[in-house]
file model_18.cif (mmCIF, N, CA and C atoms)
data_input
#
loop_
_atom_site.label_atom_id
_atom_site.label_comp_id
_atom_site.auth_asym_id
_atom_site.auth_seq_id
_atom_site.Cartn_x
_atom_site.Cartn_y
_atom_site.Cartn_z
N MET A 449 14.65 62.77 41.21
CA MET A 449 16.01 63.15 40.92
C MET A 449 16.34 64.54 41.43
N SER A 450 15.46 65.17 42.13
CA SER A 450 15.73 66.52 42.58
C SER A 450 16.83 66.58 43.64
N ASP A 451 16.97 65.53 44.46
CA ASP A 451 18.00 65.54 45.49
C ASP A 451 19.33 64.98 45.00
N LYS A 452 19.36 64.41 43.80
CA LYS A 452 20.60 63.84 43.25
C LYS A 452 21.31 64.89 42.40
N LYS A 453 22.64 64.92 42.50
CA LYS A 453 23.42 65.79 41.63
C LYS A 453 23.50 65.14 40.26
N SER A 454 23.52 65.96 39.22
CA SER A 454 23.58 65.44 37.87
C SER A 454 25.02 65.38 37.38
N ALA A 455 25.38 64.27 36.74
CA ALA A 455 26.72 64.12 36.15
C ALA A 455 26.64 64.59 34.71
N THR A 456 27.14 65.78 34.45
CA THR A 456 27.06 66.34 33.10
C THR A 456 28.43 66.45 32.43
N ALA A 457 29.50 66.18 33.15
CA ALA A 457 30.85 66.25 32.58
C ALA A 457 31.70 65.14 33.18
N LEU A 458 32.74 64.75 32.46
CA LEU A 458 33.67 63.73 32.94
C LEU A 458 34.63 64.31 33.96
N LEU A 459 35.03 63.50 34.93
CA LEU A 459 36.11 63.90 35.83
C LEU A 459 37.42 63.77 35.06
N GLU A 460 38.29 64.73 35.18
CA GLU A 460 39.54 64.75 34.42
C GLU A 460 40.53 63.71 34.92
N HIS A 461 41.26 63.12 33.98
CA HIS A 461 42.31 62.15 34.31
C HIS A 461 43.36 62.81 35.21
N GLY A 462 43.72 62.14 36.30
CA GLY A 462 44.72 62.64 37.22
C GLY A 462 44.21 63.58 38.28
N SER A 463 42.94 64.02 38.18
CA SER A 463 42.41 64.93 39.19
C SER A 463 42.15 64.17 40.49
N ILE A 464 42.28 64.85 41.62
CA ILE A 464 42.10 64.24 42.94
C ILE A 464 40.83 64.81 43.56
N HIS A 465 40.00 63.91 44.11
CA HIS A 465 38.72 64.29 44.69
C HIS A 465 38.54 63.61 46.04
N PRO A 466 37.84 64.27 46.98
CA PRO A 466 37.51 63.59 48.25
C PRO A 466 36.26 62.73 48.03
N SER A 467 36.12 61.67 48.82
CA SER A 467 34.89 60.87 48.76
C SER A 467 33.75 61.70 49.33
N ASP A 468 32.52 61.28 49.04
CA ASP A 468 31.36 62.03 49.54
C ASP A 468 31.33 62.11 51.06
N GLY A 469 31.76 61.06 51.74
CA GLY A 469 31.77 61.07 53.20
C GLY A 469 33.04 61.66 53.79
N GLY A 470 34.03 61.95 52.95
CA GLY A 470 35.27 62.52 53.42
C GLY A 470 36.21 61.52 54.07
N GLN A 471 35.97 60.22 53.89
CA GLN A 471 36.81 59.21 54.52
C GLN A 471 38.13 58.98 53.79
N PHE A 472 38.15 59.23 52.49
CA PHE A 472 39.36 59.00 51.69
C PHE A 472 39.35 59.95 50.49
N SER A 473 40.47 60.01 49.80
CA SER A 473 40.57 60.74 48.54
C SER A 473 40.89 59.75 47.45
N PHE A 474 40.63 60.15 46.21
CA PHE A 474 40.94 59.27 45.09
C PHE A 474 41.43 60.08 43.90
N ARG A 475 42.30 59.46 43.12
CA ARG A 475 42.82 60.03 41.88
C ARG A 475 42.15 59.31 40.72
N VAL A 476 41.60 60.08 39.79
CA VAL A 476 40.88 59.51 38.65
C VAL A 476 41.87 59.00 37.60
N ILE A 477 41.71 57.73 37.22
CA ILE A 477 42.49 57.17 36.12
C ILE A 477 41.72 57.37 34.82
N GLY A 478 40.42 57.13 34.84
CA GLY A 478 39.58 57.36 33.67
C GLY A 478 38.20 56.78 33.85
N PRO A 479 37.26 57.18 32.98
CA PRO A 479 35.91 56.63 33.05
C PRO A 479 35.90 55.18 32.60
N CYS A 480 34.98 54.38 33.14
CA CYS A 480 34.85 52.99 32.71
C CYS A 480 33.39 52.58 32.79
N CYS A 481 33.09 51.48 32.15
CA CYS A 481 31.75 50.93 32.12
C CYS A 481 31.72 49.74 33.07
N ARG A 482 30.87 49.78 34.07
CA ARG A 482 30.80 48.66 35.02
C ARG A 482 29.92 47.59 34.42
N LEU A 483 30.54 46.43 34.15
CA LEU A 483 29.84 45.32 33.52
C LEU A 483 29.61 44.19 34.50
N PHE A 484 28.57 43.45 34.27
CA PHE A 484 28.23 42.28 35.06
C PHE A 484 28.61 41.05 34.25
N ASP A 485 29.39 40.15 34.84
CA ASP A 485 29.83 38.93 34.17
C ASP A 485 28.88 37.79 34.55
N ARG A 486 28.06 37.34 33.60
CA ARG A 486 27.07 36.30 33.89
C ARG A 486 27.72 34.94 34.13
N GLU A 487 28.97 34.75 33.72
CA GLU A 487 29.65 33.48 33.93
C GLU A 487 30.06 33.28 35.39
N GLU A 488 30.06 34.34 36.19
CA GLU A 488 30.44 34.22 37.60
C GLU A 488 29.34 33.60 38.45
N LEU A 489 28.13 33.55 37.94
CA LEU A 489 27.03 32.97 38.71
C LEU A 489 27.09 31.45 38.68
N PRO A 490 26.68 30.80 39.75
CA PRO A 490 26.70 29.34 39.76
C PRO A 490 25.54 28.72 38.99
N TRP A 491 24.60 29.53 38.50
CA TRP A 491 23.46 29.03 37.75
C TRP A 491 23.24 29.93 36.54
N PRO A 492 22.53 29.47 35.54
CA PRO A 492 22.25 30.33 34.38
C PRO A 492 21.38 31.51 34.78
N CYS A 493 21.61 32.62 34.17
CA CYS A 493 20.80 33.78 34.47
C CYS A 493 20.26 34.36 33.17
N SER A 494 19.50 35.40 33.28
CA SER A 494 18.89 36.06 32.16
C SER A 494 17.89 35.11 31.51
N ARG A 495 17.89 35.03 30.20
CA ARG A 495 16.91 34.19 29.52
C ARG A 495 17.39 32.75 29.46
N LEU A 496 16.49 31.83 29.61
CA LEU A 496 16.81 30.41 29.47
C LEU A 496 16.15 29.90 28.20
N ALA A 497 16.80 29.02 27.50
CA ALA A 497 16.21 28.41 26.31
C ALA A 497 15.34 27.25 26.76
N TRP A 498 14.05 27.36 26.54
CA TRP A 498 13.13 26.32 26.97
C TRP A 498 12.93 25.31 25.85
N ARG A 499 13.09 24.04 26.19
CA ARG A 499 12.80 22.94 25.26
C ARG A 499 11.86 21.99 25.97
N SER A 500 10.74 21.81 25.42
CA SER A 500 9.70 20.97 25.99
C SER A 500 9.36 21.48 27.39
N LYS A 501 9.49 20.65 28.43
CA LYS A 501 9.07 21.08 29.77
C LYS A 501 10.22 21.50 30.67
N GLU A 502 11.47 21.26 30.24
CA GLU A 502 12.60 21.59 31.11
C GLU A 502 13.49 22.64 30.46
N PRO A 503 14.03 23.55 31.27
CA PRO A 503 14.91 24.58 30.70
C PRO A 503 16.27 24.01 30.32
N SER A 504 16.82 24.54 29.26
CA SER A 504 18.18 24.17 28.89
C SER A 504 19.12 25.02 29.72
N TRP A 505 20.30 24.50 30.06
CA TRP A 505 21.24 25.25 30.88
C TRP A 505 22.20 26.07 30.04
N ARG A 506 21.93 26.20 28.76
CA ARG A 506 22.77 27.07 27.91
C ARG A 506 22.40 28.53 28.17
N ARG A 507 23.39 29.36 28.28
CA ARG A 507 23.13 30.78 28.41
C ARG A 507 22.92 31.37 27.03
N ILE A 508 21.96 32.27 26.93
CA ILE A 508 21.68 32.93 25.66
C ILE A 508 21.95 34.41 25.85
N GLY A 509 22.66 35.01 24.92
CA GLY A 509 22.94 36.43 25.01
C GLY A 509 24.38 36.69 25.39
N SER A 510 24.69 37.93 25.60
CA SER A 510 26.06 38.36 25.90
C SER A 510 26.51 37.88 27.27
N ARG A 511 27.80 37.59 27.37
CA ARG A 511 28.37 37.21 28.67
C ARG A 511 28.46 38.44 29.57
N PHE A 512 28.94 39.55 29.03
CA PHE A 512 29.06 40.79 29.81
C PHE A 512 27.91 41.72 29.45
N VAL A 513 27.19 42.15 30.46
CA VAL A 513 26.08 43.08 30.26
C VAL A 513 26.26 44.25 31.23
N PRO A 514 25.74 45.44 30.89
CA PRO A 514 25.85 46.57 31.82
C PRO A 514 25.21 46.23 33.16
N ASP A 515 25.89 46.58 34.23
CA ASP A 515 25.39 46.33 35.58
C ASP A 515 24.18 47.23 35.80
N ILE A 516 23.03 46.63 36.08
CA ILE A 516 21.79 47.39 36.22
C ILE A 516 21.89 48.39 37.37
N ALA A 517 22.55 48.04 38.44
CA ALA A 517 22.66 48.93 39.60
C ALA A 517 23.47 50.18 39.29
N ALA A 518 24.45 50.07 38.38
CA ALA A 518 25.35 51.18 38.11
C ALA A 518 25.10 51.86 36.78
N ARG A 519 24.05 51.47 36.06
CA ARG A 519 23.85 51.97 34.70
C ARG A 519 23.49 53.45 34.65
N ARG A 520 22.92 53.99 35.69
CA ARG A 520 22.50 55.40 35.68
C ARG A 520 23.48 56.33 36.40
N CYS A 521 24.62 55.78 36.83
CA CYS A 521 25.59 56.56 37.59
C CYS A 521 26.99 56.37 37.00
N PRO A 522 27.84 57.40 37.07
CA PRO A 522 29.18 57.28 36.48
C PRO A 522 30.10 56.38 37.30
N SER A 523 30.93 55.59 36.59
CA SER A 523 31.94 54.74 37.23
C SER A 523 33.30 55.14 36.69
N TYR A 524 34.28 55.13 37.57
CA TYR A 524 35.64 55.52 37.20
C TYR A 524 36.64 54.49 37.72
N ALA A 525 37.67 54.24 36.93
CA ALA A 525 38.83 53.52 37.43
C ALA A 525 39.60 54.55 38.25
N ILE A 526 39.89 54.22 39.50
CA ILE A 526 40.52 55.19 40.39
C ILE A 526 41.68 54.56 41.14
N GLU A 527 42.42 55.42 41.81
CA GLU A 527 43.48 55.01 42.71
C GLU A 527 43.11 55.60 44.07
N LEU A 528 42.84 54.73 45.06
CA LEU A 528 42.51 55.21 46.40
C LEU A 528 43.75 55.79 47.06
N LEU A 529 43.61 56.96 47.63
CA LEU A 529 44.72 57.61 48.31
C LEU A 529 44.39 57.65 49.80
N GLN A 530 44.78 56.62 50.52
CA GLN A 530 44.50 56.54 51.94
C GLN A 530 45.74 56.97 52.71
N PRO A 531 45.58 57.77 53.74
CA PRO A 531 46.73 58.17 54.54
C PRO A 531 47.42 56.96 55.18
N GLY A 532 48.73 56.88 55.06
CA GLY A 532 49.50 55.83 55.71
C GLY A 532 49.55 54.50 54.99
N SER A 533 49.02 54.42 53.77
CA SER A 533 49.10 53.16 53.03
C SER A 533 49.36 53.46 51.56
N LYS A 534 49.78 52.43 50.83
CA LYS A 534 50.09 52.66 49.43
C LYS A 534 48.80 52.76 48.61
N PRO A 535 48.82 53.51 47.50
CA PRO A 535 47.63 53.67 46.67
C PRO A 535 47.12 52.32 46.13
N THR A 536 45.81 52.16 46.10
CA THR A 536 45.17 50.94 45.63
C THR A 536 44.27 51.27 44.45
N SER A 537 44.40 50.53 43.35
CA SER A 537 43.55 50.73 42.17
C SER A 537 42.27 49.94 42.31
N THR A 538 41.14 50.56 41.94
CA THR A 538 39.84 49.90 41.99
C THR A 538 38.87 50.66 41.08
N VAL A 539 37.62 50.23 41.06
CA VAL A 539 36.57 50.92 40.31
C VAL A 539 35.58 51.51 41.32
N LEU A 540 35.23 52.76 41.14
CA LEU A 540 34.31 53.46 42.04
C LEU A 540 33.12 53.95 41.24
N THR A 541 31.92 53.64 41.71
CA THR A 541 30.70 54.15 41.09
C THR A 541 30.15 55.24 41.99
N LEU A 542 29.90 56.40 41.41
CA LEU A 542 29.40 57.54 42.17
C LEU A 542 27.87 57.51 42.16
N PHE A 543 27.29 56.76 43.10
CA PHE A 543 25.85 56.61 43.15
C PHE A 543 25.14 57.89 43.56
N SER A 544 25.87 58.85 44.12
CA SER A 544 25.25 60.11 44.53
C SER A 544 25.00 61.03 43.33
N LYS A 545 25.52 60.67 42.16
CA LYS A 545 25.30 61.46 40.94
C LYS A 545 24.53 60.62 39.93
N ARG A 546 23.68 61.26 39.17
CA ARG A 546 22.92 60.59 38.11
C ARG A 546 23.33 61.18 36.77
N PHE A 547 23.32 60.32 35.74
CA PHE A 547 23.64 60.79 34.40
C PHE A 547 22.55 61.69 33.86
N SER A 548 22.96 62.69 33.09
CA SER A 548 22.02 63.40 32.24
C SER A 548 21.72 62.45 31.09
N PRO A 549 20.63 62.62 30.35
CA PRO A 549 20.33 61.72 29.23
C PRO A 549 21.45 61.63 28.19
N VAL A 550 22.12 62.75 27.91
CA VAL A 550 23.22 62.75 26.94
C VAL A 550 24.39 61.92 27.45
N MET A 551 24.73 62.09 28.72
CA MET A 551 25.84 61.33 29.30
C MET A 551 25.53 59.84 29.36
N GLN A 552 24.31 59.47 29.72
CA GLN A 552 23.96 58.06 29.80
C GLN A 552 24.03 57.41 28.42
N GLU A 553 23.60 58.11 27.39
CA GLU A 553 23.68 57.57 26.03
C GLU A 553 25.13 57.37 25.61
N TRP A 554 26.01 58.30 25.97
CA TRP A 554 27.42 58.17 25.60
C TRP A 554 28.09 57.03 26.36
N TRP A 555 27.78 56.91 27.66
CA TRP A 555 28.46 55.94 28.52
C TRP A 555 28.07 54.51 28.19
N TYR A 556 26.78 54.26 27.95
CA TYR A 556 26.29 52.90 27.71
C TYR A 556 25.59 52.78 26.36
N SER A 557 26.13 53.40 25.34
CA SER A 557 25.51 53.38 24.02
C SER A 557 25.63 52.02 23.35
N ARG A 558 24.61 51.66 22.57
CA ARG A 558 24.65 50.43 21.78
C ARG A 558 24.85 50.73 20.29
N HIS A 559 24.95 52.00 19.94
CA HIS A 559 25.11 52.37 18.54
C HIS A 559 26.52 52.06 18.06
N PRO A 560 26.67 51.58 16.82
CA PRO A 560 28.01 51.27 16.29
C PRO A 560 28.95 52.47 16.28
N ARG A 561 28.43 53.68 16.13
CA ARG A 561 29.29 54.87 16.10
C ARG A 561 29.96 55.14 17.45
N SER A 562 29.42 54.55 18.52
CA SER A 562 30.01 54.76 19.85
C SER A 562 31.34 54.03 19.99
N ARG A 563 31.61 53.06 19.11
CA ARG A 563 32.86 52.30 19.17
C ARG A 563 33.98 52.93 18.36
N GLN A 564 33.72 54.04 17.73
CA GLN A 564 34.75 54.71 16.94
C GLN A 564 35.80 55.32 17.86
N ALA A 565 37.04 55.33 17.39
CA ALA A 565 38.15 55.85 18.19
C ALA A 565 37.99 57.34 18.49
N SER A 566 37.27 58.07 17.66
CA SER A 566 37.10 59.51 17.87
C SER A 566 36.06 59.84 18.94
N ASN A 567 35.36 58.84 19.45
CA ASN A 567 34.31 59.06 20.45
C ASN A 567 34.89 59.05 21.85
N LEU A 568 35.75 60.02 22.16
CA LEU A 568 36.41 60.08 23.46
C LEU A 568 35.62 60.79 24.53
N LYS A 569 34.81 61.76 24.14
CA LYS A 569 34.02 62.53 25.09
C LYS A 569 32.63 62.73 24.54
N PRO A 570 31.64 62.90 25.42
CA PRO A 570 30.27 63.11 24.94
C PRO A 570 30.11 64.48 24.29
N PHE A 571 29.18 64.57 23.34
CA PHE A 571 28.85 65.84 22.70
C PHE A 571 27.71 66.48 23.45
N PHE A 572 27.81 67.77 23.72
CA PHE A 572 26.75 68.47 24.43
C PHE A 572 26.07 69.45 23.53
#

call {"tool": "encode", "arguments": {"input": "model_18.cif", "output": "structure tokens"}}
result
Amino acid sequence: MSDKKSATALLEHGSIHPSDGGQFSFRVIGPCCRLFDREELPWPCSRLAWRSKEPSWRRIGSRFVPDIAARRCPSYAIELLQPGSKPTSTVLTLFSKRFSPVMQEWWYSRHPRSRQASNLKPFF
């Protein structure tokens, strides 16, 4: 992690930033959690319920799970600001930055207290 920048604070709503390669700019709408939808796969994934010698095709567990590829990096709902075209809304994951342990716990927490309305920003 020595060559990766650490994500220790949230990007502010409405702030404008250039992409790492400088190809475009983006306006931050807000932080978001990138989830993987297991129903989009054409086959069952994750754990299968085994009965006798053949697997059952029932899915067990949550439909939406944190995306493993993006779990250690911040994701934001953004508006792409490309010269000569209208702004486009999308989700951007900043893979060049890694979460600090406090930020990762806040972003992908499983604790019930993380769902409280007062939990708007991480505590440092």

call {"tool": "closest_residue", "arguments": {"input": "model_18.cif", "among": "A:Glu553, A:Arg558, A:Gln471, A:Phe547", "to": "Val513 of chain A", "atoms": "only C-alpha atoms"}}
result
A:Arg558

call {"tool": "residues_near_point", "arguments": {"input": "model_18.cif", "point": "(42.0, 60.0, 35.6)", "cutoff": "8 Å", "atoms": "all atoms listed in the file", "output": "ChimeraX atom specification"}}
result
/A:459-464,475-479,524-527

call {"tool": "closest_residue", "arguments": {"input": "model_18.cif", "among": "A:Ser557, A:Thr536, A:Thr541, A:Gln552", "to": "Ser523 of chain A", "atoms": "all atoms listed in the file"}}
result
A:Thr541

call {"tool": "select_by_dssp", "arguments": {"input": "model_18.cif", "residues": "segment 514-559 of chain A", "states": "alpha helix (DSSP H)", "output": "PyMOL selection string"}}
result
chain A and resi 549-555

call {"tool": "closest_residue", "arguments": {"input": "model_18.cif", "among": "A:Pro514, A:Leu542, A:Glu487, A:Lys569", "to": "Trp554 of chain A", "atoms": "only C-alpha atoms"}}
result
A:Lys569

call {"tool": "atom_distance", "arguments": {"input": "model_18.cif", "atom1": "atom N of Asp485 of chain A", "atom2": "atom CA of Phe512 of chain A"}}
result
5.1 Å

call {"tool": "residues_around", "arguments": {"input": "model_18.cif", "residues": "Ile516 of chain A", "least_positions_apart": "6", "cutoff": "8 Å", "atoms": "only N, CA and C atoms", "output": "JSON, numbers by chain"}}
result
{"A": [482, 483, 484]}

call {"tool": "atom_distance", "arguments": {"input": "model_18.cif", "atom1": "atom N of Cys481 of chain A", "atom2": "atom N of Gly532 of chain A"}}
result
28.3 Å

call {"tool": "select_by_dssp", "arguments": {"input": "model_18.cif", "residues": "segment 457-557 of chain A", "states": "strand (DSSP E)", "output": "number ranges by chain"}}
result
A: 464-466, 473-480, 483-485, 496-499, 502-507, 512-514, 523-529, 536-541, 545-547

call {"tool": "atom_distance", "arguments": {"input": "model_18.cif", "atom1": "atom CA of Trp555 of chain A", "atom2": "atom CA of Ser510 of chain A"}}
result
17.9 Å
